[in-house]
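Trainee: File work_30.cif follows (mmCIF, C-alpha atoms and all ligand atoms):
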```cif
data_run
#
loop_
_atom_site.label_atom_id
_atom_site.label_comp_id
_atom_site.auth_asym_id
_atom_site.auth_seq_id
_atom_site.Cartn_x
_atom_site.Cartn_y
_atom_site.Cartn_z
CA MET G 211 6.25 46.51 87.22
CA ASP G 212 2.84 47.92 88.03
CA VAL G 213 2.78 48.20 91.79
CA ASN G 214 -0.88 49.16 91.67
CA LYS G 215 -1.64 45.72 90.21
CA LEU G 216 0.60 43.93 92.69
CA VAL G 217 -0.60 45.61 95.85
CA ASN G 218 -3.01 43.91 98.25
CA SER G 219 -6.39 45.38 97.31
CA GLY G 220 -7.05 46.36 100.91
CA VAL G 221 -3.76 48.20 101.22
CA ALA G 222 -4.59 50.04 97.99
CA GLN G 223 -7.47 51.73 99.88
CA ILE G 224 -5.28 53.08 102.67
CA GLU G 225 -4.33 56.68 103.10
CA PRO G 226 -1.01 56.60 104.98
CA TYR G 227 -1.30 57.27 108.72
CA VAL G 228 -0.44 60.88 109.51
CA PHE G 229 2.18 60.70 112.25
CA GLY G 230 2.90 63.42 114.74
CA LYS G 231 6.06 64.88 113.19
CA PRO G 232 9.32 64.47 115.11
CA LYS G 233 10.88 67.60 116.63
CA GLU G 234 13.97 67.26 114.44
CA ASP G 235 11.91 67.36 111.22
CA ILE G 236 10.16 70.56 112.25
CA GLU G 237 13.41 72.17 113.43
CA ARG G 238 15.10 71.36 110.13
CA LYS G 239 12.11 72.46 108.05
CA TYR G 240 11.75 75.88 109.69
CA ASN G 241 15.40 76.29 110.63
CA ILE G 242 14.55 76.75 114.30
CA SER G 243 15.59 75.14 117.58
CA ASP G 244 14.07 74.81 121.03
CA THR G 245 10.70 73.54 119.85
CA VAL G 246 8.09 72.03 122.17
CA LYS G 247 6.44 68.82 121.05
CA MET G 248 2.74 68.85 121.86
CA ASN G 249 1.47 66.76 118.94
CA SER G 250 1.63 63.10 119.94
CA ASN G 251 0.26 62.93 123.49
CA GLU G 252 3.57 61.82 124.94
CA ASN G 253 4.54 62.33 128.56
CA PRO G 254 6.32 65.70 128.94
CA TRP G 255 7.85 64.64 132.28
CA GLY G 256 10.06 62.05 130.65
CA VAL G 257 10.70 58.40 131.45
CA PRO G 258 10.18 57.13 135.02
CA VAL G 259 13.56 56.65 136.76
CA ALA G 260 12.63 53.09 137.73
CA ALA G 261 12.06 52.30 134.05
CA LEU G 262 15.42 53.75 133.04
CA GLU G 263 17.21 51.77 135.75
CA GLN G 264 15.66 48.51 134.60
CA ALA G 265 16.29 49.26 130.93
CA GLU G 266 19.94 50.17 131.53
CA LYS G 267 20.45 46.96 133.45
CA MET G 268 19.29 44.97 130.44
CA LEU G 269 21.14 46.90 127.71
CA PRO G 270 24.23 44.62 127.77
CA ARG G 271 21.95 41.63 127.23
CA SER G 272 20.79 42.96 123.90
CA ASN G 273 22.95 40.48 121.97
CA VAL G 274 20.39 37.82 122.90
CA TYR G 275 16.81 37.55 121.64
CA PRO G 276 14.16 38.40 124.20
CA GLU G 277 12.16 35.55 125.72
CA ALA G 278 9.59 35.03 122.97
CA SER G 279 6.42 34.89 125.02
CA ASN G 280 7.18 38.06 127.01
CA ARG G 281 6.53 35.93 130.07
CA ILE G 282 7.85 38.15 132.85
CA LEU G 283 5.92 41.18 131.73
CA ARG G 284 2.78 39.15 131.05
CA GLU G 285 2.96 37.81 134.58
CA LYS G 286 3.43 41.33 135.91
CA VAL G 287 0.34 42.64 134.10
CA ALA G 288 -1.63 39.54 135.07
CA GLY G 289 -0.72 40.16 138.72
CA ILE G 290 -1.90 43.77 138.55
CA PHE G 291 -5.35 42.76 137.29
CA SER G 292 -5.64 39.36 138.99
CA VAL G 293 -6.03 37.53 135.71
CA LYS G 294 -4.03 34.61 134.31
CA PRO G 295 -0.85 35.34 132.32
CA GLY G 296 -2.72 33.64 129.46
CA ASN G 297 -5.23 36.51 129.56
CA VAL G 298 -2.52 39.05 128.71
CA PHE G 299 -1.05 39.84 125.31
CA LEU G 300 1.86 42.26 124.94
CA GLY G 301 2.48 44.31 121.85
CA SER G 302 5.07 46.69 120.51
CA GLY G 303 2.70 49.47 121.45
CA ALA G 304 -1.06 49.14 121.50
CA ASP G 305 -0.78 49.66 117.74
CA GLU G 306 0.64 46.18 117.30
CA VAL G 307 -2.14 44.65 119.38
CA ILE G 308 -4.70 46.38 117.13
CA TYR G 309 -2.97 45.08 113.97
CA TYR G 310 -2.93 41.52 115.30
CA LEU G 311 -6.61 41.68 116.26
CA ALA G 312 -7.41 42.69 112.70
CA MET G 313 -5.11 40.01 111.24
CA GLY G 314 -6.39 37.34 113.57
CA PHE G 315 -10.10 37.94 113.17
CA LEU G 316 -11.05 39.86 110.04
CA ASN G 317 -11.69 38.17 106.71
CA ASP G 318 -12.50 39.84 103.39
CA ASN G 319 -15.75 41.79 103.74
CA ASP G 320 -16.21 41.06 107.44
CA GLU G 321 -17.54 44.16 109.11
CA ILE G 322 -15.93 46.21 111.82
CA VAL G 323 -17.91 49.06 113.35
CA ILE G 324 -15.89 52.11 114.35
CA PRO G 325 -17.02 55.62 115.30
CA GLY G 326 -16.88 58.29 112.60
CA VAL G 327 -14.21 60.17 114.52
CA THR G 328 -11.60 58.02 116.21
CA PHE G 329 -8.02 56.76 116.27
CA PRO G 330 -7.17 55.96 112.61
CA ILE G 331 -5.18 52.76 113.18
CA TYR G 332 -8.43 50.77 113.46
CA GLU G 333 -9.42 51.74 109.94
CA ILE G 334 -5.94 51.07 108.55
CA ALA G 335 -5.63 47.63 110.16
CA ALA G 336 -9.10 46.61 109.00
CA LYS G 337 -8.45 47.81 105.46
CA ILE G 338 -5.25 45.76 105.24
CA MET G 339 -7.43 42.72 105.89
CA ARG G 340 -9.95 43.87 103.23
CA ALA G 341 -12.64 44.08 105.86
CA LYS G 342 -15.56 46.43 105.48
CA ILE G 343 -15.46 49.49 107.69
CA ILE G 344 -18.83 50.48 109.01
CA THR G 345 -18.73 53.97 110.43
CA SER G 346 -21.13 54.83 113.22
CA SER G 347 -22.41 58.38 113.46
CA MET G 348 -21.17 60.72 116.11
CA ASP G 349 -23.38 62.39 118.66
CA GLY G 350 -21.79 65.81 118.24
CA PHE G 351 -18.19 64.93 119.07
CA GLY G 352 -19.24 62.01 121.30
CA ILE G 353 -19.32 58.33 120.34
CA ASP G 354 -22.90 57.19 119.76
CA LEU G 355 -22.97 53.72 121.30
CA ASP G 356 -26.60 53.16 120.29
CA ASP G 357 -25.70 53.80 116.68
CA MET G 358 -22.79 51.37 116.99
CA LEU G 359 -25.24 48.74 118.24
CA ASN G 360 -27.64 49.54 115.41
CA LYS G 361 -24.88 48.99 112.88
CA ILE G 362 -24.28 45.38 113.95
CA THR G 363 -25.22 42.87 111.23
CA GLU G 364 -24.60 39.17 110.65
CA ARG G 365 -21.25 40.08 109.14
CA THR G 366 -20.03 42.13 112.11
CA LYS G 367 -16.93 40.64 113.71
CA MET G 368 -15.71 43.52 115.77
CA LEU G 369 -16.55 46.89 117.31
CA ALA G 370 -13.83 49.28 118.42
CA VAL G 371 -14.48 51.88 121.09
CA CYS G 372 -11.73 54.22 122.24
CA ASN G 373 -12.62 55.38 125.72
CA PRO G 374 -11.52 58.11 126.13
CA ASN G 375 -11.58 58.81 122.43
CA ASN G 376 -8.78 60.29 120.34
CA PRO G 377 -8.85 63.11 119.06
CA THR G 378 -11.83 64.38 121.06
CA GLY G 379 -10.58 63.50 124.55
CA LEU G 380 -14.16 62.64 125.52
CA ALA G 381 -14.87 59.70 127.81
CA LEU G 382 -18.03 57.66 128.03
CA ASP G 383 -19.57 57.09 131.42
CA LYS G 384 -19.31 53.68 133.06
CA ASN G 385 -23.05 53.07 132.98
CA GLU G 386 -23.21 53.76 129.25
CA ILE G 387 -20.30 51.40 128.65
CA TYR G 388 -21.69 48.65 130.87
CA SER G 389 -25.09 48.71 129.20
CA PHE G 390 -23.40 48.74 125.76
CA ILE G 391 -21.24 45.72 126.66
CA ASP G 392 -24.33 43.87 127.83
CA LYS G 393 -26.15 44.55 124.57
CA VAL G 394 -23.42 43.45 122.14
CA PRO G 395 -24.03 39.87 120.95
CA SER G 396 -21.46 37.46 122.38
CA GLU G 397 -20.21 36.48 118.91
CA VAL G 398 -19.04 40.06 118.21
CA LEU G 399 -15.70 41.16 119.66
CA ILE G 400 -15.68 44.44 121.59
CA ILE G 401 -12.30 46.14 121.47
CA MET G 402 -12.22 48.63 124.34
CA ASP G 403 -9.20 50.87 123.81
CA GLU G 404 -8.31 52.58 127.07
CA ALA G 405 -5.00 54.15 126.04
CA TYR G 406 -5.76 57.34 128.02
CA MET G 407 -7.72 55.89 130.93
CA GLU G 408 -5.31 57.11 133.61
CA PHE G 409 -6.34 60.71 132.91
CA ALA G 410 -10.09 60.10 133.15
CA ASP G 411 -12.27 60.66 136.22
CA PRO G 412 -11.94 57.37 138.13
CA GLY G 413 -15.42 57.78 139.64
CA ARG G 414 -17.07 57.81 136.21
CA PHE G 415 -14.73 55.47 134.37
CA PRO G 416 -15.75 51.84 133.72
CA ASP G 417 -13.79 48.93 135.16
CA SER G 418 -13.78 47.07 131.85
CA ILE G 419 -11.30 44.45 132.98
CA ALA G 420 -13.65 43.58 135.87
CA LYS G 421 -16.46 43.22 133.31
CA PHE G 422 -14.30 40.80 131.35
CA LYS G 423 -13.55 38.85 134.53
CA GLU G 424 -17.27 38.67 135.30
CA GLY G 425 -17.66 36.64 132.13
CA ARG G 426 -17.86 38.99 129.13
CA GLU G 427 -15.57 36.78 127.07
CA ASN G 428 -16.01 38.90 123.90
CA LEU G 429 -14.59 41.99 125.63
CA PHE G 430 -10.93 42.74 124.88
CA VAL G 431 -9.34 45.67 126.71
CA ILE G 432 -6.33 47.53 125.32
CA ARG G 433 -3.95 49.70 127.35
CA THR G 434 -0.61 51.35 126.65
CA LEU G 435 2.50 52.50 128.47
CA SER G 436 3.05 55.28 125.93
CA LYS G 437 1.06 57.97 127.73
CA ALA G 438 0.84 58.16 131.54
CA TYR G 439 3.78 55.75 131.92
CA GLY G 440 6.11 57.81 129.74
CA LEU G 441 7.37 54.97 127.53
CA ALA G 442 6.18 55.96 124.03
CA GLY G 443 9.65 55.38 122.58
CA PHE G 444 10.03 51.96 124.19
CA ARG G 445 6.84 50.73 122.46
CA VAL G 446 4.88 48.68 124.95
CA GLY G 447 1.12 48.16 125.00
CA TYR G 448 -1.07 45.27 126.00
CA GLY G 449 -4.45 43.64 125.78
CA VAL G 450 -6.39 41.76 128.43
CA GLY G 451 -8.97 39.26 127.30
CA ASP G 452 -10.07 35.69 126.75
CA GLU G 453 -7.29 33.09 126.47
CA ARG G 454 -8.74 31.79 123.21
CA ILE G 455 -8.46 35.24 121.65
CA ILE G 456 -4.89 35.54 122.87
CA GLU G 457 -4.03 32.11 121.52
CA ILE G 458 -5.01 33.42 118.06
CA LEU G 459 -2.88 36.54 118.52
CA ASN G 460 0.06 34.36 119.58
CA ARG G 461 -0.16 32.41 116.33
CA ILE G 462 0.58 35.53 114.31
CA LYS G 463 2.73 37.48 116.74
CA LEU G 464 6.26 38.26 115.60
CA PRO G 465 8.38 35.95 117.73
CA PHE G 466 10.40 38.67 119.47
CA ASN G 467 8.07 41.64 119.27
CA ILE G 468 9.28 43.57 122.32
CA SER G 469 12.96 44.10 123.06
CA VAL G 470 14.22 42.93 126.42
CA VAL G 471 15.16 46.52 127.22
CA SER G 472 11.60 47.69 126.59
CA GLN G 473 10.12 44.85 128.59
CA TYR G 474 12.20 45.73 131.62
CA ALA G 475 11.50 49.44 131.19
CA ALA G 476 7.80 48.58 131.29
CA TYR G 477 8.34 46.43 134.36
CA GLY G 478 10.08 49.33 136.10
CA ALA G 479 7.43 51.85 135.04
CA MET G 480 4.66 49.66 136.39
CA ASN G 481 6.36 49.77 139.79
CA ASP G 482 6.78 53.55 139.77
CA LYS G 483 3.41 54.55 141.18
CA LYS G 484 4.72 57.96 142.25
CA PHE G 485 5.62 58.88 138.68
CA ILE G 486 2.20 57.91 137.35
CA LYS G 487 0.45 59.77 140.16
CA SER G 488 2.39 62.97 139.61
CA THR G 489 1.96 62.71 135.83
CA VAL G 490 -1.79 62.45 136.25
CA GLU G 491 -1.95 65.26 138.83
CA ASN G 492 0.21 67.58 136.74
CA THR G 493 -1.76 66.77 133.59
CA ILE G 494 -5.05 67.56 135.28
CA ALA G 495 -3.67 70.82 136.71
CA GLY G 496 -2.33 71.76 133.25
CA ARG G 497 -5.65 70.86 131.66
CA GLU G 498 -7.53 73.19 134.03
CA ALA G 499 -5.03 76.00 133.47
CA LEU G 500 -5.36 75.62 129.71
CA TYR G 501 -9.17 75.68 129.94
CA SER G 502 -9.01 79.04 131.75
CA ALA G 503 -6.57 80.46 129.23
CA LEU G 504 -8.70 79.27 126.28
CA GLU G 505 -11.84 80.69 127.84
CA SER G 506 -10.23 84.06 128.29
CA MET G 507 -9.27 83.95 124.61
CA GLY G 508 -12.89 83.18 123.72
CA LEU G 509 -12.03 79.80 122.18
CA SER G 510 -14.18 76.72 122.55
CA TYR G 511 -12.73 73.33 123.38
CA LEU G 512 -13.89 69.90 124.46
CA LYS G 513 -13.56 69.02 128.17
CA SER G 514 -10.95 66.33 128.04
CA SER G 515 -10.51 63.07 129.95
CA THR G 516 -7.03 62.66 128.47
CA ASN G 517 -3.63 64.36 128.26
CA PHE G 518 -4.67 66.42 125.23
CA ILE G 519 -7.35 68.97 124.32
CA LEU G 520 -9.22 69.45 121.06
CA ILE G 521 -9.51 73.19 120.56
CA ASP G 522 -11.66 74.95 118.00
CA VAL G 523 -9.50 77.83 116.76
CA ALA G 524 -12.31 79.06 114.49
CA TYR G 525 -9.89 79.25 111.59
CA ASP G 526 -8.36 76.84 109.07
CA CYS G 527 -6.48 74.53 111.45
CA GLU G 528 -3.76 73.77 108.91
CA VAL G 529 -2.86 77.45 108.78
CA VAL G 530 -2.85 77.76 112.57
CA THR G 531 -0.82 74.55 113.00
CA GLU G 532 1.76 75.74 110.51
CA ALA G 533 2.02 79.18 112.10
CA LEU G 534 2.44 77.64 115.56
CA MET G 535 5.14 75.32 114.27
CA LYS G 536 7.08 78.27 112.89
CA LYS G 537 7.08 79.64 116.42
CA GLY G 538 8.39 76.32 117.69
CA VAL G 539 5.14 74.95 119.12
CA ILE G 540 4.31 71.64 117.48
CA VAL G 541 0.63 70.72 117.66
CA ARG G 542 -1.63 68.50 115.60
CA SER G 543 -4.07 69.70 112.97
CA ALA G 544 -7.37 67.86 113.38
CA LYS G 545 -8.29 68.20 109.71
CA ASN G 546 -7.76 64.54 108.91
CA TYR G 547 -9.98 63.72 111.89
CA GLY G 548 -12.84 65.65 110.31
CA ALA G 549 -12.49 68.80 112.42
CA PRO G 550 -11.17 71.41 109.96
CA THR G 551 -10.99 74.29 112.45
CA SER G 552 -9.59 72.35 115.40
CA ILE G 553 -6.14 71.60 116.71
CA ARG G 554 -5.23 68.84 119.13
CA VAL G 555 -2.74 69.89 121.76
CA THR G 556 -0.97 67.62 124.20
CA ILE G 557 -0.92 68.98 127.75
CA GLY G 558 2.66 69.83 128.54
CA THR G 559 4.63 71.14 131.47
CA LYS G 560 3.59 74.49 132.94
CA GLU G 561 6.17 76.28 130.82
CA GLN G 562 5.17 74.46 127.64
CA ASN G 563 1.50 75.23 128.23
CA SER G 564 2.23 78.92 128.79
CA ARG G 565 4.32 79.08 125.67
CA PHE G 566 1.57 77.40 123.68
CA VAL G 567 -1.03 79.89 124.95
CA ARG G 568 1.23 82.86 124.21
CA CYS G 569 2.03 81.65 120.71
CA LEU G 570 -1.58 80.75 119.93
CA ALA G 571 -2.73 84.24 120.94
CA ASP G 572 -0.01 85.76 118.71
CA VAL G 573 -0.88 83.50 115.78
CA LEU G 574 -4.59 84.27 115.98
CA LYS G 575 -3.83 87.98 116.15
CA GLU G 576 -1.51 87.74 113.15
CA ILE G 577 -3.93 85.83 110.96
CA GLY G 578 -6.99 87.76 112.15
CA GLY G 579 -8.78 84.77 113.65
CA ALA G 580 -10.70 84.78 116.95
N1 LIG E 1 -5.10 53.81 120.98
C1 LIG E 1 -5.31 55.14 120.99
C2 LIG E 1 -6.69 55.64 121.21
C3 LIG E 1 -4.24 56.02 120.77
O1 LIG E 1 -4.46 57.34 120.74
C4 LIG E 1 -2.94 55.49 120.58
C5 LIG E 1 -1.74 56.36 120.38
N2 LIG E 1 -1.85 57.53 119.79
C6 LIG E 1 -2.79 54.11 120.57
C7 LIG E 1 -3.88 53.30 120.79
C8 LIG E 1 -1.47 53.47 120.28
O2 LIG E 1 -0.55 53.69 121.27
P1 LIG E 1 0.84 52.94 121.31
O3 LIG E 1 1.00 52.15 120.06
O4 LIG E 1 1.85 54.01 121.45
O5 LIG E 1 0.76 52.06 122.52
#
```
Now that the file is in, can you turn its structure into structure tokens?
Ligand code: PMP

Mentor:
Amino acid sequence: MDVNKLVNSGVAQIEPYVFGKPKEDIERKYNISDTVKMNSNENPWGVPVAALEQAEKMLPRSNVYPEASNRILREKVAGIFSVKPGNVFLGSGADEVIYYLAMGFLNDNDEIVIPGVTFPIYEIAAKIMRAKIITSSMDGFGIDLDDMLNKITERTKMLAVCNPNNPTGLALDKNEIYSFIDKVPSEVLIIMDEAYMEFADPGRFPDSIAKFKEGRENLFVIRTLSKAYGLAGFRVGYGVGDERIIEILNRIKLPFNISVVSQYAAYGAMNDKKFIKSTVENTIAGREALYSALESMGLSYLKSSTNFILIDVAYDCEVVTEALMKKGVIVRSAKNYGAPTSIRVTIGTKEQNSRFVRCLADVLKEIGGA
């Protein structure tokens, strides 16, 4: 059998997604324990108690399939944003929503415009569908919305904007986003991925869902419970958009895509406003503390609107990442994001941040970097 002949020609183009490695893998590899995981932008303060309570309550019901349309959770999200349940689509993480958007809307050679530096799942999902990826140029590390607009052709089906963006942590201002949304032709879908929106400055951040409600029917907003809500392992994300778009997603959705336990965990987390508030406050405090530490080390970084920071370590980031891992601090090399001297570090607890700073200083001294 020649798998290379059998494989879907789009899939043949894909470089496998580089996952943030699990703690256990790193501990086994370097024969260490007590590592800190700062590589996947998870919530270091754990799972909200209200989510755990709801999930535990549902565990014994796991012999039964979940309700296939995720109705209760859809109604919950719809209530939060004052939209119809039919305007909400729930996925096993935002990742699944992104896959279904690609499956539902992209044909061979249709074009999707994505920024040169962004979350890689957009490229992977589009390649599976044998769509053509059109990369817009970056404005430094920022997304260049004008260039995205310039790249629209008759074949463009979709644009994907992560705001704030991963791995840069940079957010676009509401006025820039609003004018962009107004300029995109109505037959092109705008995917606005707001996975990290809770950590952005609310005064400058767009209310994209309000824009959709005002009538921008081609605007589809994606959110996740993996970050501020502390549910990365439960896998719950969602999209808010036009009912006709969601009807397409429902045609291809796996019938039971979110376990009942996860759905109730999400329900509980959405009610735990205190947890979200303290997560955001602690993240912002940690972000500021890390900025000061990095400045005193003479390192440059991007001012983040998320729960992670992209730091230029002025040295081969693979070497620095590896050396940090050996010391038990797991961070992400940004090489595959096109930033060969940068690492992406999730903001942790106070103790985790201090340990990261200490270890980074030691590593840079050892390897003779900055
Ligand atoms: N969008 C962006 C920009 C992300 O960074 C991530 C997670 N890393 C996701 C979507 C997917 O999140 P999840 O599948 O955990 O909801």

Trainee: Could you work out how far CA of Arg542 (chain G) lies from CA of Leu500 (chain G), giving the answer in Å with one decimal?

Mentor: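 Computed distance, CA of Leu500 (chain G) to CA of Arg542 (chain G), equals 16.2 Å.
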
Trainee: From the list G:Lys337, G:Arg284, G:Arg271, G:Arg433, which residue is nearest ligand LIG 1 (chain E) when using all atoms listed in the file?

Mentor: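 Ranking G:Lys337, G:Arg284, G:Arg271, G:Arg433 by distance to ligand LIG 1 (chain E), first place goes to G:Arg433.
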
Trainee: Compile a residue-level contact table for region 238-320 of chain G against region 358-377 of chain G at a cut-off of 12 Å, reporting for every qualifying residue the shortest atom pair and its distance in Å to one decimal, with only C-alpha atoms counted, rows ordered by chain and ascending number, as CSV.

Mentor:
```
residue,atom,partner,partner_atom,distance
G:Asn249,CA,G:Pro377,CA,10.9
G:Ser250,CA,G:Pro377,CA,10.5
G:Asn251,CA,G:Asn376,CA,9.9
G:Ala304,CA,G:Cys372,CA,11.8
G:Ile308,CA,G:Ala370,CA,9.7
G:Leu311,CA,G:Met368,CA,9.3
G:Ala312,CA,G:Met368,CA,8.9
G:Gly314,CA,G:Lys367,CA,11.0
G:Phe315,CA,G:Lys367,CA,7.4
G:Leu316,CA,G:Lys367,CA,7.0
G:Asn317,CA,G:Lys367,CA,9.1
G:Asp318,CA,G:Arg365,CA,10.5
G:Asn319,CA,G:Arg365,CA,7.9
G:Asp320,CA,G:Arg365,CA,5.4
```

Trainee: For a quick check of understanding, using only C-alpha atoms, which of G:Lys437, G:Lys575, G:Lys423, G:Lys384 has the smallest distance to Phe409 (chain G)?

Mentor: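 Ranked by minimum distance to Phe409 (chain G), first place goes to G:Lys437.
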
Trainee: Which is closer to ligand LIG 1 (chain E) than all the others in G:Ala524, G:Val471, G:Leu300, G:Ile557, using all atoms listed in the file?

Mentor: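 Closest candidate: G:Leu300.
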
Trainee: Around ligand LIG 1 (chain E), out to 6 Å and counting all atoms listed in the file, which residues are there? I want them as a PDB file with C-alpha atoms, keeping the file's coordinate frame.

Mentor:
```
ATOM      1  CA  GLY G 303       2.700  49.470 121.450  1.00  0.00           C
ATOM      2  CA  ALA G 304      -1.060  49.140 121.500  1.00  0.00           C
ATOM      3  CA  ASP G 305      -0.780  49.660 117.740  1.00  0.00           C
ATOM      4  CA  PHE G 329      -8.020  56.760 116.270  1.00  0.00           C
ATOM      5  CA  CYS G 372     -11.730  54.220 122.240  1.00  0.00           C
ATOM      6  CA  ASN G 375     -11.580  58.810 122.430  1.00  0.00           C
ATOM      7  CA  ASN G 376      -8.780  60.290 120.340  1.00  0.00           C
ATOM      8  CA  ASP G 403      -9.200  50.870 123.810  1.00  0.00           C
ATOM      9  CA  ALA G 405      -5.000  54.150 126.040  1.00  0.00           C
ATOM     10  CA  THR G 434      -0.610  51.350 126.650  1.00  0.00           C
ATOM     11  CA  SER G 436       3.050  55.280 125.930  1.00  0.00           C
ATOM     12  CA  ALA G 442       6.180  55.960 124.030  1.00  0.00           C
ATOM     13  CA  VAL G 446       4.880  48.680 124.950  1.00  0.00           C
ATOM     14  CA  GLY G 447       1.120  48.160 125.000  1.00  0.00           C
TER      15      GLY G 447
END
```

Trainee: Can you tell me how far CA of Gly301 (chain G) sits from CA of Ser347 (chain G), in Å to one decimal?

Mentor: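 CA of Ser347 (chain G) lies at a distance of 29.8 Å from CA of Gly301 (chain G).
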
Trainee: Would you mind telling me which residue in G:Leu520, G:Met480, G:Ala571, G:Ile540 lies nearest to Pro258 (chain G) when using all atoms listed in the file?

Mentor: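 Distance minimum relative to Pro258 (chain G) lands on G:Met480.
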
Trainee: My list of candidates is G:Ala336, G:Ile521, G:Val431, G:Met535. Which is closest to Thr556 (chain G) when distances are computed with only C-alpha atoms?

Mentor: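 Looking only at the distances to Thr556 (chain G), the closest residue turns out to be G:Ile521.
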
Trainee: Counting only C-alpha atoms, figure out which residue out of G:Ala475, G:Met248, G:Val567, G:Ile455 gets nearest to Ala499 (chain G).

Mentor: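 Closest residue, counting only C-alpha atoms: G:Val567.
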
Trainee: Gly548 (chain G): which residues within 8 Å, counting only C-alpha atoms, same-chain residues fewer than 3 positions away excluded, as a VMD selection string?

Mentor: chain G and resid 327 544 to 545

Trainee: Put those residues in a file: C-alpha atoms, as a JSON list (two decimals), in the coordinates of the input.

Mentor:
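Just written: part12.json:
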```
[["chain", "number", "residue", "atom", "x", "y", "z"],
["G", 327, "VAL", "CA", -14.21, 60.17, 114.52],
["G", 544, "ALA", "CA", -7.37, 67.86, 113.38],
["G", 545, "LYS", "CA", -8.29, 68.20, 109.71]]
```

Trainee: Residues within 10 Å of Ala479 (chain G), please, as a list in words. Count all atoms listed in the file; anything in the same chain fewer than 6 positions from it doesn't count.

Mentor: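 So the residues in contact are Val257, Pro258, Val259, Ala260, Ala261, Leu262, Glu263, Gln264, Leu435, Ala438, Tyr439, Gly440, Leu441, Gln473, Phe485 and Ile486 of chain G.
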
Trainee: Just give me the gap between CA of Val529 (chain G) and CA of Ser543 (chain G) in Å, one decimal is fine.

Mentor: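 Separation of CA of Val529 (chain G) and CA of Ser543 (chain G): 8.9 Å.
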